[in-house]
Amino acid sequence: MSEKNIKNIFVNGPIAPAFIADSIAKHSSKTAIGGHSIFMGQVRKDEINGKFVSAIAYTAYEELALEKMYQIREEIFEKYPLKCMHIYHSLGTVKAGEICLFVFTSSAHRKPAIAACSEVVDRLKVELPIWGKEIFEDESHQWKENS
Amino acid sequence: MSEKNIKNIFVNGPIAPAFIADSIAKHSSKTAIGGHSIFMGQVRKDEINGKFVSAIAYTAYEELALEKMYQIREEIFEKYPLKCMHIYHSLGTVKAGEICLFVFTSSAHRKPAIAACSEVVDRLKVELPIWGKEIFEDESHQWKENS
Amino acid sequence: MEIEIISFGQIAEFINHQKIEVDGIADTDAFKRYLEDRFPTLKGMKYKLALNKNIVQQNTEIKNQATIAIMPPFSGG
Amino acid sequence: MEIEIISFGQIAEFINHQKIEVDGIADTDAFKRYLEDRFPTLKGMKYKLALNKNIVQQNTEIKNQATIAIMPPFSGG
């Protein structure tokens, strides 16, 4: 039995703006917070060889991703004086214009929240076993690569 | 007659999470965007000499603030490849736990949005003629100072 | 000449918005001396002036019907 | 011995989840040689292994009933 509190970060399909609003609203009782930083990833309608991306389908090695995210979370809380950190990533299909990633950090003063948010985004792109399949309007696909 | 498109940034009272959600949702048609960065300032219930801050009342030299914000906006768009930038600051009373500042930047890739958002927050705290009066639970007050 | 004075934040607690009729205030340095003389509380405080909506960075000539804002340190955000 | 193979992303398009019965695969380096021999497409690709949910950073011993994940470069976010 693990004593680690491994949180789920995965949601099925896109992350709705109303979900983000709820997440923000929940922090109004946390009156030690002075600054919130949010990053959201949105699926781009990229043009690749004359075809437009209509959606990205995400899959993940979920257990490993959650374990890795747990480690990142621990390290970020060690490094920055954060009050809160929330991370959500889509699985399944997210259409162009929809949100696939939501990272939300909060601290008493603005700088730790901003630095932590940026660092979490950088790290999760590199370290989490998640894959995006870019689906074109003609239903052909190619596998996304993070640059 | 000025040809400059000077945008208002001021809203009366706190900035509602639902307003932020609407702002996010409006970007789903902008499918060249890949990353959004948001900063939100929240009023802290600080304890100062045994008394708790219950709210901050904001006033501004509005015309000068909007002119200055226009300059900052121009310089930030010059410096970073942004798709969008939205800024809102409260005037009047904002209670502890409520949001008084909302900065929202978007770009094709994440780094410009994140860097621009952070820089705008830094600059507006230093450069915009806005004043916060911290109101305590006993209705006494002191004037906030940005550190 | 006529100068309109506006004030903000903590300074608005002891300097009201007002129009003054004065002579011999040729520039912003002279205006600061006038102000600190009339409102001694100001001497111990940090403040900036804005002349006709431009923040004063160096001593600047004041013309008739100028509007001068007296601004304590900013604390927005 | 028995090894469970799971695969992700582009690699899942040509390597299915499967259990294999093999002998003589003592470590992850040997497993890679086995894989690339059986699935030549893999030779031209970047990929990482995870052995029992630990990302393989260096050659590691494989024991019976191991689960090995074959993972192309990550592209989340």
# chains A, B, ... in the order shown; residues from 1 in each chain; ligands from 1
call {"tool": "residues_around", "arguments": {"residues": "Met40 (chain A)", "least_positions_apart": "2", "cutoff": "6 Å", "atoms": "only C-alpha atoms", "output": "list in words"}}
result
Leu101 and Phe102 of chain A; Gly35 and His36 of chain B
call {"tool": "write_last_selection", "arguments": {"atoms": "N, CA, C and O atoms", "output": "short mmCIF file (atom, residue, chain, number, x, y, z; two decimals), in the first residue's frame"}}
result
data_model
loop_
_atom_site.label_atom_id
_atom_site.label_comp_id
_atom_site.auth_asym_id
_atom_site.auth_seq_id
_atom_site.Cartn_x
_atom_site.Cartn_y
_atom_site.Cartn_z
N LEU A 101 -4.76 21.34 -21.83
CA LEU A 101 -3.87 21.37 -20.67
C LEU A 101 -4.21 22.58 -19.82
O LEU A 101 -4.41 23.68 -20.36
N PHE A 102 -4.26 22.38 -18.50
CA PHE A 102 -4.60 23.46 -17.57
C PHE A 102 -3.70 23.30 -16.35
O PHE A 102 -3.79 22.29 -15.65
N GLY B 35 -1.01 28.53 -26.84
CA GLY B 35 -0.77 28.68 -25.40
C GLY B 35 -1.35 29.97 -24.85
O GLY B 35 -1.22 31.03 -25.47
N HIS B 36 -2.01 29.85 -23.70
CA HIS B 36 -2.56 31.01 -23.00
C HIS B 36 -1.88 31.11 -21.64
O HIS B 36 -1.76 30.11 -20.93
#
call {"tool": "interface_residues", "arguments": {"of": "chain B", "to": "chain C", "cutoff": "6 Å", "atoms": "only C-alpha atoms", "output": "PyMOL selection string"}}
result
chain B and resi 64+101+125+129-132+144-146
call {"tool": "write_last_selection", "arguments": {"atoms": "C-alpha atoms", "output": "JSON list (two decimals), in the first residue's frame"}}
result
[["chain", "number", "residue", "atom", "x", "y", "z"],
["B", 64, "LEU", "CA", -3.08, 58.57, -17.27],
["B", 101, "LEU", "CA", -6.31, 41.91, -11.56],
["B", 125, "LYS", "CA", 2.42, 47.35, -10.82],
["B", 129, "PRO", "CA", -1.14, 55.22, -11.35],
["B", 130, "ILE", "CA", -3.42, 52.99, -9.28],
["B", 131, "TRP", "CA", -3.71, 53.03, -5.50],
["B", 132, "GLY", "CA", -4.97, 50.40, -3.12],
["B", 144, "LYS", "CA", -0.94, 49.64, 0.29],
["B", 145, "GLU", "CA", 2.61, 49.82, -0.97],
["B", 146, "ASN", "CA", 3.92, 47.60, -3.73]]
call {"tool": "residues_around", "arguments": {"residues": "Val22 (chain C)", "least_positions_apart": "2", "cutoff": "9 Å", "atoms": "only C-alpha atoms", "output": "JSON, numbers by chain"}}
result
{"C": [1, 2, 3, 20, 24, 25]}
call {"tool": "select_by_dssp", "arguments": {"residues": "chain A", "states": "strand (DSSP E or B)", "output": "PyMOL selection string"}}
result
chain A and resi 10-12+15+35-42+47-48+51-60+82-95+99-107+130-136+141-143
call {"tool": "closest_atom_pairs", "arguments": {"of": "chain A", "to": "chain B", "cutoff": "7 Å", "atoms": "only C-alpha atoms", "output": "tab-separated table"}}
result
residue	atom	partner	partner_atom	distance
A:Pro17	CA	B:Ala21	CA	4.9
A:Ala18	CA	B:Ala21	CA	5.8
A:Ile20	CA	B:Ala21	CA	6.8
A:Ala21	CA	B:Pro17	CA	4.9
A:Ile24	CA	B:Pro17	CA	6.2
A:Ala25	CA	B:Pro17	CA	5.8
A:Ser28	CA	B:Gly97	CA	4.2
A:Ser29	CA	B:Gly97	CA	5.9
A:Lys30	CA	B:Gly97	CA	6.4
A:Thr31	CA	B:Gly97	CA	4.9
A:Ala32	CA	B:Arg44	CA	5.3
A:Ile33	CA	B:Arg44	CA	5.9
A:Gly34	CA	B:Gln42	CA	4.7
A:Gly35	CA	B:Gly41	CA	4.7
A:His36	CA	B:Met40	CA	5.0
A:Ser37	CA	B:Phe39	CA	4.7
A:Ile38	CA	B:Ile38	CA	4.9
A:Phe39	CA	B:Ser37	CA	4.7
A:Met40	CA	B:His36	CA	5.0
A:Gly41	CA	B:Gly35	CA	4.7
A:Gln42	CA	B:Gly34	CA	4.7
A:Val43	CA	B:Gly34	CA	5.8
A:Arg44	CA	B:Thr31	CA	5.1
A:Lys45	CA	B:Thr31	CA	5.3
A:Ala96	CA	B:Thr31	CA	6.1
A:Gly97	CA	B:Ser28	CA	4.2
A:Glu98	CA	B:Ser28	CA	5.9
call {"tool": "write_last_selection", "arguments": {"atoms": "N, CA, C and O atoms", "output": "short mmCIF file (atom, residue, chain, number, x, y, z; two decimals), in the first residue's frame"}}
result
data_model
loop_
_atom_site.label_atom_id
_atom_site.label_comp_id
_atom_site.auth_asym_id
_atom_site.auth_seq_id
_atom_site.Cartn_x
_atom_site.Cartn_y
_atom_site.Cartn_z
N PRO A 17 -13.95 25.87 -20.28
CA PRO A 17 -13.74 27.14 -19.56
C PRO A 17 -14.52 27.19 -18.23
O PRO A 17 -14.03 27.74 -17.25
N ALA A 18 -15.70 26.60 -18.19
CA ALA A 18 -16.49 26.62 -16.94
C ALA A 18 -15.80 25.81 -15.84
O ALA A 18 -15.89 26.16 -14.65
N ILE A 20 -12.58 25.61 -15.54
CA ILE A 20 -11.49 26.50 -15.11
C ILE A 20 -12.05 27.57 -14.17
O ILE A 20 -11.46 27.87 -13.13
N ALA A 21 -13.20 28.12 -14.52
CA ALA A 21 -13.85 29.13 -13.67
C ALA A 21 -14.16 28.56 -12.28
O ALA A 21 -13.93 29.21 -11.26
N ILE A 24 -11.03 28.33 -10.28
CA ILE A 24 -10.63 29.66 -9.79
C ILE A 24 -11.51 30.05 -8.59
O ILE A 24 -11.01 30.48 -7.55
N ALA A 25 -12.82 29.88 -8.76
CA ALA A 25 -13.77 30.31 -7.72
C ALA A 25 -13.52 29.61 -6.39
O ALA A 25 -13.71 30.20 -5.32
N SER A 28 -11.40 31.35 -3.57
CA SER A 28 -11.75 32.60 -2.91
C SER A 28 -11.76 32.45 -1.38
O SER A 28 -11.66 33.44 -0.66
N SER A 29 -11.84 31.22 -0.90
CA SER A 29 -11.76 31.01 0.55
C SER A 29 -10.31 30.91 1.02
O SER A 29 -10.05 30.91 2.23
N LYS A 30 -9.38 30.83 0.09
CA LYS A 30 -7.96 30.72 0.46
C LYS A 30 -7.35 32.12 0.47
O LYS A 30 -6.70 32.56 -0.48
N THR A 31 -7.58 32.82 1.57
CA THR A 31 -7.28 34.25 1.60
C THR A 31 -5.81 34.57 1.91
O THR A 31 -5.46 35.73 2.07
N ALA A 32 -4.97 33.54 1.95
CA ALA A 32 -3.53 33.79 2.05
C ALA A 32 -2.90 33.90 0.66
O ALA A 32 -1.74 34.24 0.52
N ILE A 33 -3.70 33.59 -0.37
CA ILE A 33 -3.21 33.67 -1.75
C ILE A 33 -3.29 35.10 -2.26
O ILE A 33 -4.30 35.77 -2.09
N GLY A 34 -2.19 35.55 -2.90
CA GLY A 34 -2.19 36.88 -3.51
C GLY A 34 -2.04 36.84 -5.02
O GLY A 34 -2.37 37.80 -5.70
N GLY A 35 -1.52 35.72 -5.54
CA GLY A 35 -1.30 35.63 -6.98
C GLY A 35 -1.56 34.24 -7.51
O GLY A 35 -1.16 33.24 -6.90
N HIS A 36 -2.27 34.17 -8.63
CA HIS A 36 -2.54 32.91 -9.31
C HIS A 36 -1.90 32.98 -10.71
O HIS A 36 -2.07 33.97 -11.41
N SER A 37 -1.25 31.91 -11.10
CA SER A 37 -0.75 31.83 -12.46
C SER A 37 -1.38 30.62 -13.14
O SER A 37 -1.48 29.54 -12.54
N ILE A 38 -1.84 30.83 -14.36
CA ILE A 38 -2.48 29.75 -15.12
C ILE A 38 -1.80 29.63 -16.47
O ILE A 38 -1.50 30.64 -17.11
N PHE A 39 -1.56 28.39 -16.89
CA PHE A 39 -1.21 28.15 -18.28
C PHE A 39 -2.26 27.21 -18.86
O PHE A 39 -2.65 26.23 -18.21
N MET A 40 -2.68 27.51 -20.08
CA MET A 40 -3.60 26.62 -20.80
C MET A 40 -3.02 26.32 -22.16
O MET A 40 -2.60 27.23 -22.89
N GLY A 41 -2.99 25.05 -22.50
CA GLY A 41 -2.62 24.65 -23.86
C GLY A 41 -3.88 24.52 -24.69
O GLY A 41 -4.88 23.97 -24.21
N GLN A 42 -3.85 25.04 -25.89
CA GLN A 42 -5.02 24.99 -26.79
C GLN A 42 -4.57 24.32 -28.09
O GLN A 42 -3.48 24.58 -28.59
N VAL A 43 -5.42 23.46 -28.64
CA VAL A 43 -5.07 22.75 -29.88
C VAL A 43 -5.11 23.73 -31.06
O VAL A 43 -6.12 24.39 -31.28
N ARG A 44 -3.99 23.82 -31.76
CA ARG A 44 -3.89 24.71 -32.92
C ARG A 44 -4.34 24.01 -34.19
O ARG A 44 -4.07 22.84 -34.41
N LYS A 45 -4.99 24.79 -35.05
CA LYS A 45 -5.38 24.28 -36.37
C LYS A 45 -4.20 24.47 -37.32
O LYS A 45 -4.26 25.25 -38.27
N ALA A 96 -9.50 21.41 -32.48
CA ALA A 96 -8.79 22.68 -32.63
C ALA A 96 -9.59 23.80 -31.95
O ALA A 96 -10.81 23.87 -32.13
N GLY A 97 -8.92 24.62 -31.16
CA GLY A 97 -9.58 25.70 -30.44
C GLY A 97 -9.98 25.31 -29.03
O GLY A 97 -10.32 26.17 -28.22
N GLU A 98 -9.94 24.01 -28.72
CA GLU A 98 -10.29 23.56 -27.37
C GLU A 98 -9.03 23.42 -26.51
O GLU A 98 -7.91 23.35 -27.02
#
call {"tool": "residues_around", "arguments": {"residues": "Lys68 (chain B)", "least_positions_apart": "5", "cutoff": "9 Å", "atoms": "only C-alpha atoms", "output": "PyMOL selection string"}}
result
chain B and resi 63+73+124+127-129
call {"tool": "write_last_selection", "arguments": {"atoms": "C-alpha atoms", "output": "compact mmCIF listing (two decimals), in the first residue's frame"}}
result
# COMPACT_ATOMS: atom_id res chain seq x y z
CA GLU B 63 -6.80 58.75 -18.03
CA ARG B 73 0.63 47.19 -24.70
CA LEU B 124 1.67 47.59 -14.53
CA GLU B 127 3.95 52.12 -13.97
CA LEU B 128 0.18 52.48 -13.64
CA PRO B 129 -1.14 55.22 -11.35
call {"tool": "atom_distance", "arguments": {"atom1": "CA of Asn59 (chain D)", "atom2": "CA of Glu67 (chain A)"}}
result
21.5 Å
call {"tool": "select_by_dssp", "arguments": {"residues": "chain A", "states": "alpha helix (DSSP H)", "output": "VMD selection string"}}
result
chain A and resid 17 to 25 62 to 79 110 to 127
call {"tool": "residues_around", "arguments": {"residues": "Ile62 (chain C)", "least_positions_apart": "3", "cutoff": "9 Å", "atoms": "only C-alpha atoms", "output": "MDAnalysis selection string"}}
result
chainID C and resid 3 25:28 31 51 65:66
call {"tool": "residues_around", "arguments": {"residues": "Lys133 (chain A)", "least_positions_apart": "5", "cutoff": "7 Å", "atoms": "only C-alpha atoms", "output": "list in words"}}
result
Ile56, Ala57, Tyr58, His141, Gln142, Trp143 and Lys144 of chain A
call {"tool": "closest_residue", "arguments": {"among": "C:Glu61, C:Gln18, C:Ile11, C:Thr67", "to": "Met45 (chain C)", "atoms": "only C-alpha atoms"}}
result
C:Ile11
call {"tool": "residues_around", "arguments": {"residues": "Phe136 (chain A)", "least_positions_apart": "2", "cutoff": "8 Å", "atoms": "only C-alpha atoms", "output": "PyMOL selection string"}}
result
chain A and resi 51-55+134+138-141
call {"tool": "closest_residue", "arguments": {"among": "A:Ile48, A:Met69, A:Ala116, A:Leu91", "to": "Glu137 (chain A)", "atoms": "only C-alpha atoms"}}
result
A:Ile48
call {"tool": "atom_distance", "arguments": {"atom1": "CA of Lys79 (chain A)", "atom2": "CA of Val120 (chain A)"}}
result
11.6 Å
call {"tool": "decode", "arguments": {"residues": "region 19-48 of chain D", "atoms": "N, CA, C and O atoms", "output": "CSV table (one decimal), in the first residue's frame"}}
result
chain,number,residue,atom,x,y,z
D,19,LYS,N,2.0,-10.8,-24.5
D,19,LYS,CA,2.8,-11.5,-23.6
D,19,LYS,C,3.7,-12.4,-24.5
D,19,LYS,O,3.3,-13.1,-25.4
D,20,ILE,N,5.0,-12.4,-24.2
D,20,ILE,CA,5.9,-13.3,-24.9
D,20,ILE,C,6.6,-14.2,-23.9
D,20,ILE,O,6.8,-13.9,-22.8
D,21,GLU,N,6.9,-15.4,-24.4
D,21,GLU,CA,7.6,-16.4,-23.7
D,21,GLU,C,9.0,-16.5,-24.4
D,21,GLU,O,9.1,-16.9,-25.5
D,22,VAL,N,10.0,-16.0,-23.7
D,22,VAL,CA,11.4,-16.1,-24.3
D,22,VAL,C,12.4,-16.5,-23.3
D,22,VAL,O,12.2,-16.4,-22.1
D,23,ASP,N,13.5,-16.9,-23.8
D,23,ASP,CA,14.7,-17.2,-22.9
D,23,ASP,C,15.9,-16.4,-23.4
D,23,ASP,O,15.9,-16.0,-24.6
D,24,GLY,N,16.8,-16.2,-22.6
D,24,GLY,CA,18.0,-15.5,-23.0
D,24,GLY,C,17.9,-14.0,-23.1
D,24,GLY,O,18.8,-13.4,-23.7
D,25,ILE,N,16.9,-13.4,-22.6
D,25,ILE,CA,16.8,-11.9,-22.6
D,25,ILE,C,17.1,-11.5,-21.1
D,25,ILE,O,16.2,-11.5,-20.3
D,26,ALA,N,18.3,-11.3,-20.8
D,26,ALA,CA,18.7,-11.1,-19.4
D,26,ALA,C,18.5,-9.6,-19.0
D,26,ALA,O,18.3,-9.4,-17.8
D,27,ASP,N,18.6,-8.7,-19.9
D,27,ASP,CA,18.6,-7.3,-19.5
D,27,ASP,C,17.9,-6.4,-20.6
D,27,ASP,O,17.6,-7.0,-21.7
D,28,THR,N,17.8,-5.2,-20.4
D,28,THR,CA,17.1,-4.3,-21.3
D,28,THR,C,17.8,-4.1,-22.6
D,28,THR,O,17.2,-3.9,-23.7
D,29,ASP,N,19.2,-4.1,-22.6
D,29,ASP,CA,19.9,-4.0,-23.8
D,29,ASP,C,19.6,-5.2,-24.7
D,29,ASP,O,19.4,-5.1,-25.9
D,30,ALA,N,19.6,-6.4,-24.1
D,30,ALA,CA,19.2,-7.6,-24.9
D,30,ALA,C,17.8,-7.6,-25.4
D,30,ALA,O,17.5,-8.0,-26.6
D,31,PHE,N,16.9,-7.0,-24.6
D,31,PHE,CA,15.5,-6.8,-25.0
D,31,PHE,C,15.4,-5.9,-26.2
D,31,PHE,O,14.6,-6.2,-27.2
D,32,LYS,N,16.2,-4.8,-26.2
D,32,LYS,CA,16.1,-3.9,-27.4
D,32,LYS,C,16.6,-4.6,-28.6
D,32,LYS,O,16.0,-4.4,-29.7
D,33,ARG,N,17.7,-5.4,-28.5
D,33,ARG,CA,18.1,-6.2,-29.7
D,33,ARG,C,17.0,-7.1,-30.2
D,33,ARG,O,16.8,-7.2,-31.4
D,34,TYR,N,16.4,-7.8,-29.3
D,34,TYR,CA,15.3,-8.7,-29.6
D,34,TYR,C,14.2,-7.9,-30.4
D,34,TYR,O,13.7,-8.3,-31.4
D,35,LEU,N,13.8,-6.8,-29.8
D,35,LEU,CA,12.7,-6.0,-30.4
D,35,LEU,C,13.0,-5.5,-31.8
D,35,LEU,O,12.2,-5.6,-32.7
D,36,GLU,N,14.2,-4.9,-31.9
D,36,GLU,CA,14.6,-4.3,-33.2
D,36,GLU,C,14.8,-5.4,-34.3
D,36,GLU,O,14.6,-5.1,-35.5
D,37,ASP,N,15.1,-6.6,-33.8
D,37,ASP,CA,15.2,-7.7,-34.7
D,37,ASP,C,13.8,-8.1,-35.2
D,37,ASP,O,13.6,-8.4,-36.4
D,38,ARG,N,12.9,-8.2,-34.3
D,38,ARG,CA,11.5,-8.6,-34.6
D,38,ARG,C,10.7,-7.6,-35.3
D,38,ARG,O,9.8,-7.8,-36.1
D,39,PHE,N,10.9,-6.3,-34.9
D,39,PHE,CA,10.2,-5.1,-35.5
D,39,PHE,C,11.2,-4.1,-36.1
D,39,PHE,O,11.5,-3.1,-35.4
D,40,PRO,N,11.7,-4.4,-37.3
D,40,PRO,CA,12.8,-3.6,-37.8
D,40,PRO,C,12.4,-2.1,-37.9
D,40,PRO,O,13.4,-1.3,-37.9
D,41,THR,N,11.2,-1.8,-38.1
D,41,THR,CA,10.7,-0.4,-38.1
D,41,THR,C,11.3,0.4,-37.0
D,41,THR,O,11.6,1.6,-37.0
D,42,LEU,N,11.4,-0.3,-35.8
D,42,LEU,CA,11.8,0.4,-34.6
D,42,LEU,C,13.3,0.9,-34.7
D,42,LEU,O,13.6,1.9,-34.0
D,43,LYS,N,14.1,0.3,-35.6
D,43,LYS,CA,15.5,0.7,-35.6
D,43,LYS,C,15.7,2.2,-36.0
D,43,LYS,O,16.6,2.8,-35.5
D,44,GLY,N,14.8,2.7,-36.9
D,44,GLY,CA,15.0,4.1,-37.2
D,44,GLY,C,14.3,5.1,-36.3
D,44,GLY,O,14.3,6.3,-36.5
D,45,MET,N,13.7,4.6,-35.2
D,45,MET,CA,12.9,5.5,-34.4
D,45,MET,C,13.6,5.7,-33.0
D,45,MET,O,14.3,4.9,-32.5
D,46,LYS,N,13.3,6.9,-32.5
D,46,LYS,CA,13.6,7.2,-31.1
D,46,LYS,C,12.6,6.5,-30.2
D,46,LYS,O,11.4,6.7,-30.4
D,47,TYR,N,13.0,5.8,-29.2
D,47,TYR,CA,12.1,5.3,-28.2
D,47,TYR,C,12.8,5.1,-26.8
D,47,TYR,O,14.0,5.0,-26.8
D,48,LYS,N,11.9,5.0,-25.8
D,48,LYS,CA,12.4,4.7,-24.5
D,48,LYS,C,11.7,3.5,-24.0
D,48,LYS,O,10.5,3.2,-24.4
